[in-house]
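Visitor: Sending over a structure as structure tokens; questions will come in a sec.
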Amino acid sequence: MTDSDFDTDYIDGPHEGQPVVTSGASLSDATAAMVLVHGRGATARSILALANEFDYDDIVFIAPQAAQNTWYPQSFLAPLESNQPHLSSALELVGTLVSDIRSAGIPSERTFLLGFSQGACLATEFVARNAREYGGVAAFSGGLIGPDDTPREYDGSLDGTPVYLGCGDRDPHIPVERVHETEAVFTDLGGSVTERIFDGMGHGVVQEEVAHVDRMLNGMFEE
């Protein structure tokens with residue numbers, strides 16, 4: 001693992017200078033990239049372990065670290081201003097990574113974004129605000145950020161990007177209604193969305209979800 005390929009010293013706000021860890025192919029040799037965004041209280045290295053589930057020699061797996069292990073302080077359902085400046089800083093960090101990946105010669109349609117919990121919320125919010133064709137998007141137990149009355153007016157198009165949204169119907173943190181709303185927004189943005197609500201499941205990830213993402217990655221390489 002290394003953090004030498006990315007410089008976060010110019011990020012505004014709380015996430016300035018946070019480390020970025022990678023595994024898999026080097027950024028210079030990779031033909032595709034996956035950005036993995038950890039949940040509240042977790043670490044970049046912990047979610048980067050998920051890369052072990054995907055056997056692709058040409059992918060660079062990239063995991064940024066949140067300041068104090070938290071991307072924003074309040075619930076993702078809280079008013080947006082209550083999570084500032086952390087939220088804007090987190091979105092800028094993800095955007096910087098995506099830009100650096102593109103500068104290294106990997107296009108957005110070969111860049112996959114995956115997040116769990118708070119990281120899934122951050123990843124979906126970033127993608128909605130920066131809609132373009134990506135290699136794929138996967139949100140494990142998460143959805144778009146903001147209270148129920150948040151305007152969902154986003155520019156751009158996902159242009160057929162495969163999107164996976166998975167959540168348990170007994171998740172104490174993520175209302176199923178927010179997953180449905182996220183599905184509707186991403187569909188309107190032109191995404192090819194798969195939503196899976198697991199009966200009786202709480203807050204977590206199951207092997208079926210990992211297998212689905214593996215198929216998405218395989219499809220990205222076949223295009």
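Simple scheme: letters A, B, ... for chains in structure tokens order, numbers from 1 for residues in each chain, numbers from 1 for ligands in the order shown.
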Return as a PDB file with N, CA, C and O atoms, in the first residue's frame the full set of residues in region 67-171 of chain A whose backbone-based DSSP assignment is strand (DSSP E).
Guide:
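Full text of states27.pdb as output:
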```
ATOM      1  N   THR A 111     -13.639   4.596 -14.159  1.00  0.00           N
ATOM      2  CA  THR A 111     -13.472   4.918 -12.744  1.00  0.00           C
ATOM      3  C   THR A 111     -14.735   4.524 -11.987  1.00  0.00           C
ATOM      4  O   THR A 111     -15.833   4.956 -12.329  1.00  0.00           O
ATOM      5  N   PHE A 112     -14.571   3.698 -10.979  1.00  0.00           N
ATOM      6  CA  PHE A 112     -15.678   3.141 -10.208  1.00  0.00           C
ATOM      7  C   PHE A 112     -15.637   3.754  -8.811  1.00  0.00           C
ATOM      8  O   PHE A 112     -14.581   3.819  -8.188  1.00  0.00           O
ATOM      9  N   LEU A 113     -16.808   4.190  -8.309  1.00  0.00           N
ATOM     10  CA  LEU A 113     -16.881   4.737  -6.954  1.00  0.00           C
ATOM     11  C   LEU A 113     -17.734   3.821  -6.091  1.00  0.00           C
ATOM     12  O   LEU A 113     -18.863   3.476  -6.469  1.00  0.00           O
ATOM     13  N   LEU A 114     -17.203   3.446  -4.945  1.00  0.00           N
ATOM     14  CA  LEU A 114     -17.899   2.555  -4.010  1.00  0.00           C
ATOM     15  C   LEU A 114     -17.788   3.119  -2.607  1.00  0.00           C
ATOM     16  O   LEU A 114     -16.717   3.587  -2.199  1.00  0.00           O
ATOM     17  N   GLY A 115     -18.884   3.059  -1.864  1.00  0.00           N
ATOM     18  CA  GLY A 115     -18.835   3.503  -0.481  1.00  0.00           C
ATOM     19  C   GLY A 115     -19.735   2.671   0.401  1.00  0.00           C
ATOM     20  O   GLY A 115     -20.707   2.066  -0.061  1.00  0.00           O
ATOM     21  N   PHE A 116     -19.405   2.657   1.690  1.00  0.00           N
ATOM     22  CA  PHE A 116     -20.236   1.991   2.687  1.00  0.00           C
ATOM     23  C   PHE A 116     -20.681   3.002   3.734  1.00  0.00           C
ATOM     24  O   PHE A 116     -19.877   3.798   4.220  1.00  0.00           O
ATOM     25  N   GLY A 136     -18.806   2.759 -12.836  1.00  0.00           N
ATOM     26  CA  GLY A 136     -19.836   2.187 -11.979  1.00  0.00           C
ATOM     27  C   GLY A 136     -19.888   2.927 -10.661  1.00  0.00           C
ATOM     28  O   GLY A 136     -18.937   3.627 -10.277  1.00  0.00           O
ATOM     29  N   VAL A 137     -21.005   2.771  -9.977  1.00  0.00           N
ATOM     30  CA  VAL A 137     -21.210   3.370  -8.657  1.00  0.00           C
ATOM     31  C   VAL A 137     -21.898   2.327  -7.790  1.00  0.00           C
ATOM     32  O   VAL A 137     -22.877   1.715  -8.217  1.00  0.00           O
ATOM     33  N   ALA A 138     -21.382   2.116  -6.585  1.00  0.00           N
ATOM     34  CA  ALA A 138     -22.012   1.181  -5.660  1.00  0.00           C
ATOM     35  C   ALA A 138     -22.118   1.819  -4.285  1.00  0.00           C
ATOM     36  O   ALA A 138     -21.122   2.310  -3.750  1.00  0.00           O
ATOM     37  N   ALA A 139     -23.321   1.819  -3.738  1.00  0.00           N
ATOM     38  CA  ALA A 139     -23.576   2.358  -2.410  1.00  0.00           C
ATOM     39  C   ALA A 139     -24.117   1.247  -1.528  1.00  0.00           C
ATOM     40  O   ALA A 139     -25.235   0.778  -1.724  1.00  0.00           O
ATOM     41  N   PHE A 140     -23.301   0.814  -0.566  1.00  0.00           N
ATOM     42  CA  PHE A 140     -23.719  -0.171   0.403  1.00  0.00           C
ATOM     43  C   PHE A 140     -24.251   0.571   1.626  1.00  0.00           C
ATOM     44  O   PHE A 140     -23.500   1.231   2.346  1.00  0.00           O
ATOM     45  N   PRO A 162     -23.706   2.104 -14.727  1.00  0.00           N
ATOM     46  CA  PRO A 162     -24.304   1.117 -13.837  1.00  0.00           C
ATOM     47  C   PRO A 162     -24.214   1.585 -12.372  1.00  0.00           C
ATOM     48  O   PRO A 162     -23.134   1.997 -11.916  1.00  0.00           O
ATOM     49  N   VAL A 163     -25.326   1.534 -11.680  1.00  0.00           N
ATOM     50  CA  VAL A 163     -25.392   1.974 -10.283  1.00  0.00           C
ATOM     51  C   VAL A 163     -26.017   0.858  -9.455  1.00  0.00           C
ATOM     52  O   VAL A 163     -27.054   0.308  -9.837  1.00  0.00           O
ATOM     53  N   TYR A 164     -25.397   0.549  -8.327  1.00  0.00           N
ATOM     54  CA  TYR A 164     -25.965  -0.442  -7.401  1.00  0.00           C
ATOM     55  C   TYR A 164     -26.245   0.228  -6.069  1.00  0.00           C
ATOM     56  O   TYR A 164     -25.361   0.881  -5.489  1.00  0.00           O
ATOM     57  N   LEU A 165     -27.467   0.070  -5.572  1.00  0.00           N
ATOM     58  CA  LEU A 165     -27.875   0.576  -4.267  1.00  0.00           C
ATOM     59  C   LEU A 165     -28.384  -0.597  -3.445  1.00  0.00           C
ATOM     60  O   LEU A 165     -29.390  -1.212  -3.794  1.00  0.00           O
ATOM     61  N   GLY A 166     -27.688  -0.927  -2.362  1.00  0.00           N
ATOM     62  CA  GLY A 166     -28.094  -2.034  -1.520  1.00  0.00           C
ATOM     63  C   GLY A 166     -28.254  -1.598  -0.070  1.00  0.00           C
ATOM     64  O   GLY A 166     -27.450  -0.813   0.439  1.00  0.00           O
ATOM     65  N   CYS A 167     -29.302  -2.113   0.603  1.00  0.00           N
ATOM     66  CA  CYS A 167     -29.558  -1.720   1.988  1.00  0.00           C
ATOM     67  C   CYS A 167     -30.487  -2.733   2.641  1.00  0.00           C
ATOM     68  O   CYS A 167     -31.294  -3.383   1.961  1.00  0.00           O
ATOM     69  N   GLY A 168     -30.392  -2.858   3.945  1.00  0.00           N
ATOM     70  CA  GLY A 168     -31.315  -3.701   4.680  1.00  0.00           C
ATOM     71  C   GLY A 168     -32.575  -2.957   5.059  1.00  0.00           C
ATOM     72  O   GLY A 168     -32.539  -1.744   5.293  1.00  0.00           O
TER      73      GLY A 168
END
```
Visitor: Any idea what's packed within 12 Å of Gln207 (chain A), counting only C-alpha atoms, ignoring anything in its chain fewer than 4 positions away? Could you give it as a PyMOL selection string?
Guide: chain A and resi 50+53+140+166+198+211-214
Visitor: Out of A:Gly119, A:Asp55, A:Ala25, A:Met34, which residue has the shortest atom-to-atom distance to Thr70 (chain A) when counting only C-alpha atoms?
Guide: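 Between A:Gly119, A:Asp55, A:Ala25, A:Met34, the residue approaching Thr70 (chain A) most closely is A:Gly119.
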Visitor: So which one's closest to Ala51 (chain A), A:Phe76, A:Val179, A:Ala33, A:Gln68? Using only C-alpha atoms, please.
Guide: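 Checking each candidate against Ala51 (chain A), we get A:Ala33 as the closest.
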Visitor: Using only C-alpha atoms, which protein or nucleic acid residues come within 9 Å of Gln65 (chain A)? Drop anything in the same chain fewer than 3 positions from it, and give the result as a PDB file with all heavy atoms, in the first residue's frame.
Guide:
```pdb
ATOM      1  N   HIS A  15     -10.534  18.139   5.922  1.00  0.00           N
ATOM      2  CA  HIS A  15      -9.888  16.959   5.340  1.00  0.00           C
ATOM      3  C   HIS A  15      -8.597  17.289   4.596  1.00  0.00           C
ATOM      4  O   HIS A  15      -8.043  16.426   3.903  1.00  0.00           O
ATOM      5  CB  HIS A  15     -10.876  16.229   4.431  1.00  0.00           C
ATOM      6  CG  HIS A  15     -12.111  15.792   5.144  1.00  0.00           C
ATOM      7  ND1 HIS A  15     -12.104  14.880   6.175  1.00  0.00           N
ATOM      8  CD2 HIS A  15     -13.413  16.188   5.020  1.00  0.00           C
ATOM      9  CE1 HIS A  15     -13.331  14.697   6.637  1.00  0.00           C
ATOM     10  NE2 HIS A  15     -14.143  15.486   5.948  1.00  0.00           N
ATOM     11  N   GLN A  18      -5.154  14.836   4.393  1.00  0.00           N
ATOM     12  CA  GLN A  18      -5.429  13.471   4.836  1.00  0.00           C
ATOM     13  C   GLN A  18      -4.766  12.448   3.912  1.00  0.00           C
ATOM     14  O   GLN A  18      -4.660  12.667   2.708  1.00  0.00           O
ATOM     15  CB  GLN A  18      -6.937  13.228   4.880  1.00  0.00           C
ATOM     16  CG  GLN A  18      -7.619  13.918   6.057  1.00  0.00           C
ATOM     17  CD  GLN A  18      -7.080  13.433   7.391  1.00  0.00           C
ATOM     18  OE1 GLN A  18      -6.409  14.183   8.096  1.00  0.00           O
ATOM     19  NE2 GLN A  18      -7.361  12.190   7.727  1.00  0.00           N
ATOM     20  N   PRO A  19      -4.336  11.332   4.480  1.00  0.00           N
ATOM     21  CA  PRO A  19      -3.660  10.319   3.650  1.00  0.00           C
ATOM     22  C   PRO A  19      -4.612   9.602   2.702  1.00  0.00           C
ATOM     23  O   PRO A  19      -5.824   9.529   2.941  1.00  0.00           O
ATOM     24  CB  PRO A  19      -3.079   9.344   4.682  1.00  0.00           C
ATOM     25  CG  PRO A  19      -3.939   9.515   5.890  1.00  0.00           C
ATOM     26  CD  PRO A  19      -4.349  10.966   5.899  1.00  0.00           C
ATOM     27  N   VAL A  20      -4.052   9.093   1.632  1.00  0.00           N
ATOM     28  CA  VAL A  20      -4.780   8.275   0.661  1.00  0.00           C
ATOM     29  C   VAL A  20      -3.974   6.998   0.474  1.00  0.00           C
ATOM     30  O   VAL A  20      -2.787   7.058   0.155  1.00  0.00           O
ATOM     31  CB  VAL A  20      -4.932   9.010  -0.688  1.00  0.00           C
ATOM     32  CG1 VAL A  20      -5.657   8.125  -1.700  1.00  0.00           C
ATOM     33  CG2 VAL A  20      -5.687  10.319  -0.494  1.00  0.00           C
ATOM     34  N   VAL A  21      -4.603   5.852   0.706  1.00  0.00           N
ATOM     35  CA  VAL A  21      -3.892   4.590   0.563  1.00  0.00           C
ATOM     36  C   VAL A  21      -4.391   3.863  -0.678  1.00  0.00           C
ATOM     37  O   VAL A  21      -5.547   4.011  -1.079  1.00  0.00           O
ATOM     38  CB  VAL A  21      -4.034   3.695   1.808  1.00  0.00           C
ATOM     39  CG1 VAL A  21      -3.343   4.334   2.994  1.00  0.00           C
ATOM     40  CG2 VAL A  21      -5.495   3.418   2.136  1.00  0.00           C
ATOM     41  N   VAL A  37     -14.766   4.480  -0.328  1.00  0.00           N
ATOM     42  CA  VAL A  37     -14.981   5.510   0.684  1.00  0.00           C
ATOM     43  C   VAL A  37     -15.523   4.856   1.953  1.00  0.00           C
ATOM     44  O   VAL A  37     -16.613   4.273   1.959  1.00  0.00           O
ATOM     45  CB  VAL A  37     -15.950   6.585   0.170  1.00  0.00           C
ATOM     46  CG1 VAL A  37     -15.954   7.777   1.123  1.00  0.00           C
ATOM     47  CG2 VAL A  37     -15.563   7.051  -1.236  1.00  0.00           C
ATOM     48  N   HIS A  38     -14.763   4.955   3.033  1.00  0.00           N
ATOM     49  CA  HIS A  38     -15.097   4.263   4.271  1.00  0.00           C
ATOM     50  C   HIS A  38     -16.245   4.937   5.029  1.00  0.00           C
ATOM     51  O   HIS A  38     -16.605   6.088   4.765  1.00  0.00           O
ATOM     52  CB  HIS A  38     -13.870   4.138   5.174  1.00  0.00           C
ATOM     53  CG  HIS A  38     -13.381   5.441   5.757  1.00  0.00           C
ATOM     54  ND1 HIS A  38     -14.010   6.077   6.806  1.00  0.00           N
ATOM     55  CD2 HIS A  38     -12.311   6.228   5.444  1.00  0.00           C
ATOM     56  CE1 HIS A  38     -13.348   7.172   7.133  1.00  0.00           C
ATOM     57  NE2 HIS A  38     -12.317   7.303   6.302  1.00  0.00           N
ATOM     58  N   ALA A  42     -14.563   4.411  10.706  1.00  0.00           N
ATOM     59  CA  ALA A  42     -13.699   3.405  10.082  1.00  0.00           C
ATOM     60  C   ALA A  42     -12.458   4.076   9.505  1.00  0.00           C
ATOM     61  O   ALA A  42     -12.191   5.256   9.738  1.00  0.00           O
ATOM     62  CB  ALA A  42     -14.461   2.632   9.016  1.00  0.00           C
ATOM     63  N   THR A  43     -11.711   3.323   8.731  1.00  0.00           N
ATOM     64  CA  THR A  43     -10.469   3.840   8.154  1.00  0.00           C
ATOM     65  C   THR A  43     -10.381   3.502   6.674  1.00  0.00           C
ATOM     66  O   THR A  43     -11.063   2.593   6.182  1.00  0.00           O
ATOM     67  CB  THR A  43      -9.237   3.244   8.855  1.00  0.00           C
ATOM     68  OG1 THR A  43      -9.181   1.829   8.586  1.00  0.00           O
ATOM     69  CG2 THR A  43      -9.272   3.492  10.355  1.00  0.00           C
ATOM     70  N   ALA A  44      -9.502   4.217   5.997  1.00  0.00           N
ATOM     71  CA  ALA A  44      -9.248   3.924   4.591  1.00  0.00           C
ATOM     72  C   ALA A  44      -8.706   2.517   4.427  1.00  0.00           C
ATOM     73  O   ALA A  44      -9.096   1.784   3.513  1.00  0.00           O
ATOM     74  CB  ALA A  44      -8.261   4.948   4.025  1.00  0.00           C
ATOM     75  N   ARG A  45      -7.831   2.109   5.308  1.00  0.00           N
ATOM     76  CA  ARG A  45      -7.240   0.772   5.194  1.00  0.00           C
ATOM     77  C   ARG A  45      -8.277  -0.323   5.414  1.00  0.00           C
ATOM     78  O   ARG A  45      -8.195  -1.398   4.808  1.00  0.00           O
ATOM     79  CB  ARG A  45      -6.074   0.624   6.159  1.00  0.00           C
ATOM     80  CG  ARG A  45      -4.878   1.483   5.771  1.00  0.00           C
ATOM     81  CD  ARG A  45      -3.673   1.232   6.662  1.00  0.00           C
ATOM     82  NE  ARG A  45      -2.585   2.133   6.292  1.00  0.00           N
ATOM     83  CZ  ARG A  45      -1.711   1.915   5.336  1.00  0.00           C
ATOM     84  NH1 ARG A  45      -1.805   0.796   4.627  1.00  0.00           N
ATOM     85  NH2 ARG A  45      -0.759   2.778   5.073  1.00  0.00           N
ATOM     86  N   GLN A  68     -10.240  12.403  11.490  1.00  0.00           N
ATOM     87  CA  GLN A  68     -10.841  11.833  12.698  1.00  0.00           C
ATOM     88  C   GLN A  68     -11.873  10.751  12.347  1.00  0.00           C
ATOM     89  O   GLN A  68     -12.845  10.550  13.080  1.00  0.00           O
ATOM     90  CB  GLN A  68     -11.464  12.931  13.578  1.00  0.00           C
ATOM     91  CG  GLN A  68     -10.438  13.950  14.053  1.00  0.00           C
ATOM     92  CD  GLN A  68     -11.014  15.005  14.969  1.00  0.00           C
ATOM     93  OE1 GLN A  68     -12.208  15.296  14.945  1.00  0.00           O
ATOM     94  NE2 GLN A  68     -10.158  15.591  15.790  1.00  0.00           N
ATOM     95  N   ASN A  69     -11.637  10.079  11.239  1.00  0.00           N
ATOM     96  CA  ASN A  69     -12.431   8.917  10.808  1.00  0.00           C
ATOM     97  C   ASN A  69     -13.892   9.243  10.500  1.00  0.00           C
ATOM     98  O   ASN A  69     -14.730   8.337  10.441  1.00  0.00           O
ATOM     99  CB  ASN A  69     -12.380   7.805  11.856  1.00  0.00           C
ATOM    100  CG  ASN A  69     -10.960   7.438  12.244  1.00  0.00           C
ATOM    101  OD1 ASN A  69     -10.460   7.860  13.274  1.00  0.00           O
ATOM    102  ND2 ASN A  69     -10.297   6.667  11.394  1.00  0.00           N
ATOM    103  N   THR A  70     -14.193  10.514  10.265  1.00  0.00           N
ATOM    104  CA  THR A  70     -15.580  10.921  10.030  1.00  0.00           C
ATOM    105  C   THR A  70     -15.632  11.958   8.920  1.00  0.00           C
ATOM    106  O   THR A  70     -14.950  12.987   8.993  1.00  0.00           O
ATOM    107  CB  THR A  70     -16.207  11.503  11.310  1.00  0.00           C
ATOM    108  OG1 THR A  70     -16.163  10.523  12.344  1.00  0.00           O
ATOM    109  CG2 THR A  70     -17.659  11.912  11.076  1.00  0.00           C
ATOM    110  N   TRP A  71     -16.466  11.694   7.909  1.00  0.00           N
ATOM    111  CA  TRP A  71     -16.550  12.628   6.784  1.00  0.00           C
ATOM    112  C   TRP A  71     -17.328  13.885   7.131  1.00  0.00           C
ATOM    113  O   TRP A  71     -17.016  14.970   6.639  1.00  0.00           O
ATOM    114  CB  TRP A  71     -17.196  11.932   5.589  1.00  0.00           C
ATOM    115  CG  TRP A  71     -16.344  10.843   5.032  1.00  0.00           C
ATOM    116  CD1 TRP A  71     -16.584   9.493   5.063  1.00  0.00           C
ATOM    117  CD2 TRP A  71     -15.081  10.989   4.380  1.00  0.00           C
ATOM    118  NE1 TRP A  71     -15.551   8.801   4.477  1.00  0.00           N
ATOM    119  CE2 TRP A  71     -14.610   9.700   4.040  1.00  0.00           C
ATOM    120  CE3 TRP A  71     -14.301  12.091   4.047  1.00  0.00           C
ATOM    121  CZ2 TRP A  71     -13.401   9.489   3.388  1.00  0.00           C
ATOM    122  CZ3 TRP A  71     -13.094  11.881   3.383  1.00  0.00           C
ATOM    123  CH2 TRP A  71     -12.654  10.605   3.066  1.00  0.00           C
TER     124      TRP A  71
END
```
Visitor: In terms of the shortest atom-to-atom distance over only C-alpha atoms, which of A:Val206, A:Val176, A:Ile106, A:Leu36 is closest to Thr22 (chain A)?
Guide: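 Among the listed residues, the smallest separation from Thr22 (chain A) belongs to A:Leu36.
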Visitor: Of the candidates A:Ala49, A:Leu122, A:Gly146, A:Arg40, which shows the shortest atom-to-atom distance to Ala78 (chain A), using only C-alpha atoms?
Guide: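 Among the listed residues, the smallest separation from Ala78 (chain A) belongs to A:Gly146.
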Visitor: Near Val60 (chain A), counting only C-alpha atoms, which residues have an atom at most 9 Å away, once you skip same-chain residues fewer than 2 positions from it, shown as a ChimeraX atom specification?
Guide: /A:22-27,29-35,57-58,62
Visitor: Within 10 Å of Leu97 (chain A), counting only C-alpha atoms, which residues show up once you throw out same-chain ones fewer than 5 positions away? Write them as a list in words, please.
Guide: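 Counting only the stated atoms, we get Asp5, Phe6, Asp7, Thr8, Val20, Val35, Ile62, Ala63, Pro64, Glu92, Arg102 and Ser103 of chain A.
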Visitor: For those residues, write all heavy atoms to a file as a compact mmCIF listing (two decimals), in the first residue's frame.
Guide:
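Written out: again_31.txt:
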```
# COMPACT_ATOMS: atom_id res chain seq x y z
N ASP A 5 0.87 8.69 -4.43
CA ASP A 5 0.37 9.13 -5.72
C ASP A 5 -0.59 10.32 -5.63
O ASP A 5 -0.92 10.91 -6.66
CB ASP A 5 -0.35 7.98 -6.43
CG ASP A 5 0.60 6.87 -6.86
OD1 ASP A 5 1.72 7.20 -7.28
OD2 ASP A 5 0.23 5.70 -6.75
N PHE A 6 -1.04 10.66 -4.44
CA PHE A 6 -2.06 11.68 -4.31
C PHE A 6 -1.66 12.71 -3.25
O PHE A 6 -1.11 12.36 -2.21
CB PHE A 6 -3.41 11.05 -3.92
CG PHE A 6 -3.91 10.06 -4.94
CD1 PHE A 6 -3.64 8.71 -4.81
CD2 PHE A 6 -4.62 10.49 -6.05
CE1 PHE A 6 -4.08 7.80 -5.76
CE2 PHE A 6 -5.07 9.59 -7.00
CZ PHE A 6 -4.80 8.24 -6.85
N ASP A 7 -1.95 13.97 -3.55
CA ASP A 7 -1.61 15.07 -2.66
C ASP A 7 -2.90 15.77 -2.23
O ASP A 7 -3.59 16.35 -3.07
CB ASP A 7 -0.68 16.05 -3.37
CG ASP A 7 -0.22 17.19 -2.47
OD1 ASP A 7 -0.60 17.20 -1.28
OD2 ASP A 7 0.50 18.07 -2.96
N THR A 8 -3.23 15.68 -0.96
CA THR A 8 -4.45 16.32 -0.46
C THR A 8 -4.15 17.57 0.37
O THR A 8 -5.02 18.05 1.09
CB THR A 8 -5.26 15.32 0.40
OG1 THR A 8 -4.47 14.95 1.55
CG2 THR A 8 -5.59 14.07 -0.40
N VAL A 20 -4.05 9.09 1.63
CA VAL A 20 -4.78 8.28 0.66
C VAL A 20 -3.97 7.00 0.47
O VAL A 20 -2.79 7.06 0.15
CB VAL A 20 -4.93 9.01 -0.69
CG1 VAL A 20 -5.66 8.12 -1.70
CG2 VAL A 20 -5.69 10.32 -0.49
N VAL A 35 -12.44 3.97 -6.43
CA VAL A 35 -12.32 4.79 -5.23
C VAL A 35 -13.25 4.19 -4.19
O VAL A 35 -14.45 4.06 -4.41
CB VAL A 35 -12.68 6.26 -5.51
CG1 VAL A 35 -12.60 7.08 -4.22
CG2 VAL A 35 -11.79 6.84 -6.59
N ILE A 62 -8.19 2.82 -4.56
CA ILE A 62 -7.79 4.07 -3.91
C ILE A 62 -8.77 4.37 -2.78
O ILE A 62 -9.99 4.43 -2.99
CB ILE A 62 -7.81 5.23 -4.92
CG1 ILE A 62 -6.88 4.91 -6.09
CG2 ILE A 62 -7.43 6.54 -4.26
CD1 ILE A 62 -7.19 5.71 -7.35
N ALA A 63 -8.25 4.55 -1.56
CA ALA A 63 -9.12 4.81 -0.40
C ALA A 63 -8.63 6.05 0.35
O ALA A 63 -7.54 6.02 0.94
CB ALA A 63 -9.17 3.61 0.52
N PRO A 64 -9.40 7.12 0.34
CA PRO A 64 -9.04 8.30 1.13
C PRO A 64 -9.43 8.12 2.60
O PRO A 64 -10.35 7.37 2.92
CB PRO A 64 -9.86 9.42 0.48
CG PRO A 64 -11.10 8.70 -0.01
CD PRO A 64 -10.65 7.33 -0.43
N GLU A 92 -14.83 17.77 -1.94
CA GLU A 92 -13.66 18.27 -2.67
C GLU A 92 -12.57 17.20 -2.71
O GLU A 92 -11.90 17.03 -3.75
CB GLU A 92 -13.12 19.54 -2.02
CG GLU A 92 -11.94 20.14 -2.78
CD GLU A 92 -11.35 21.36 -2.09
OE1 GLU A 92 -11.90 21.81 -1.07
OE2 GLU A 92 -10.31 21.85 -2.58
N ARG A 102 -8.10 10.94 -13.59
CA ARG A 102 -8.27 11.33 -14.99
C ARG A 102 -6.96 11.89 -15.55
O ARG A 102 -6.59 11.59 -16.70
CB ARG A 102 -9.40 12.35 -15.11
CG ARG A 102 -9.79 12.69 -16.54
CD ARG A 102 -11.13 13.39 -16.60
NE ARG A 102 -11.17 14.58 -15.76
CZ ARG A 102 -11.93 14.71 -14.68
NH1 ARG A 102 -12.70 13.73 -14.27
NH2 ARG A 102 -11.92 15.84 -13.98
N SER A 103 -6.24 12.67 -14.74
CA SER A 103 -4.97 13.23 -15.20
C SER A 103 -3.93 12.14 -15.44
O SER A 103 -3.00 12.33 -16.25
CB SER A 103 -4.43 14.22 -14.16
OG SER A 103 -5.29 15.34 -14.05
```
Visitor: As a count of residues only, which residues of region 81-214 of chain A does DSSP assign to helix (DSSP H, G or I)?
Guide: 57
Visitor: Rank A:Leu77, A:Leu158, A:Ala104, A:Ile197 by their smallest atom-to-atom distance to Cys121 (chain A), using only C-alpha atoms, and report the top residue only.
Guide: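 Closest to Cys121 (chain A) of all the choices is A:Leu77.
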Visitor: Give me, as an MDAnalysis selection string, all polymer residues having an atom no more than 7 Å from region 81-85 of chain A, counting only C-alpha atoms and skipping those fewer than 5 positions away in the same chain.
Guide: chainID A and resid 13 72:74
Visitor: The selected residues should be written to file as a compact mmCIF listing (two decimals), in the first residue's frame (atoms: N, CA, C and O atoms).
Guide:
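The result, stored in result-v7.txt:
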```txt
# COMPACT_ATOMS: atom_id res chain seq x y z
N GLY A 13 -10.56 22.98 4.19
CA GLY A 13 -11.34 22.49 5.31
C GLY A 13 -10.73 21.33 6.07
O GLY A 13 -9.53 21.06 5.97
N TYR A 72 -18.35 13.76 7.95
CA TYR A 72 -19.13 14.92 8.41
C TYR A 72 -19.75 14.53 9.76
O TYR A 72 -20.00 13.36 10.04
N PRO A 73 -20.00 15.52 10.64
CA PRO A 73 -20.30 15.20 12.05
C PRO A 73 -21.72 14.72 12.34
O PRO A 73 -21.93 13.91 13.24
N GLN A 74 -22.71 15.23 11.62
CA GLN A 74 -24.10 14.93 11.94
C GLN A 74 -24.64 13.80 11.06
O GLN A 74 -23.95 13.30 10.18
```
Visitor: For a test of reading the model, state the distance in Å between CA of Ser157 (chain A) and CA of Ala131 (chain A), rounded to one decimal.
Guide: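 Separation between CA of Ser157 (chain A) and CA of Ala131 (chain A): 5.1 Å.
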Visitor: I need the residue nearest Gly202 (chain A) from this list: A:Arg215, A:Arg152, A:His173, A:Arg178. Use only C-alpha atoms for the distance.
Guide: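 Using only C-alpha atoms, the shortest distance to Gly202 (chain A) belongs to A:His173.
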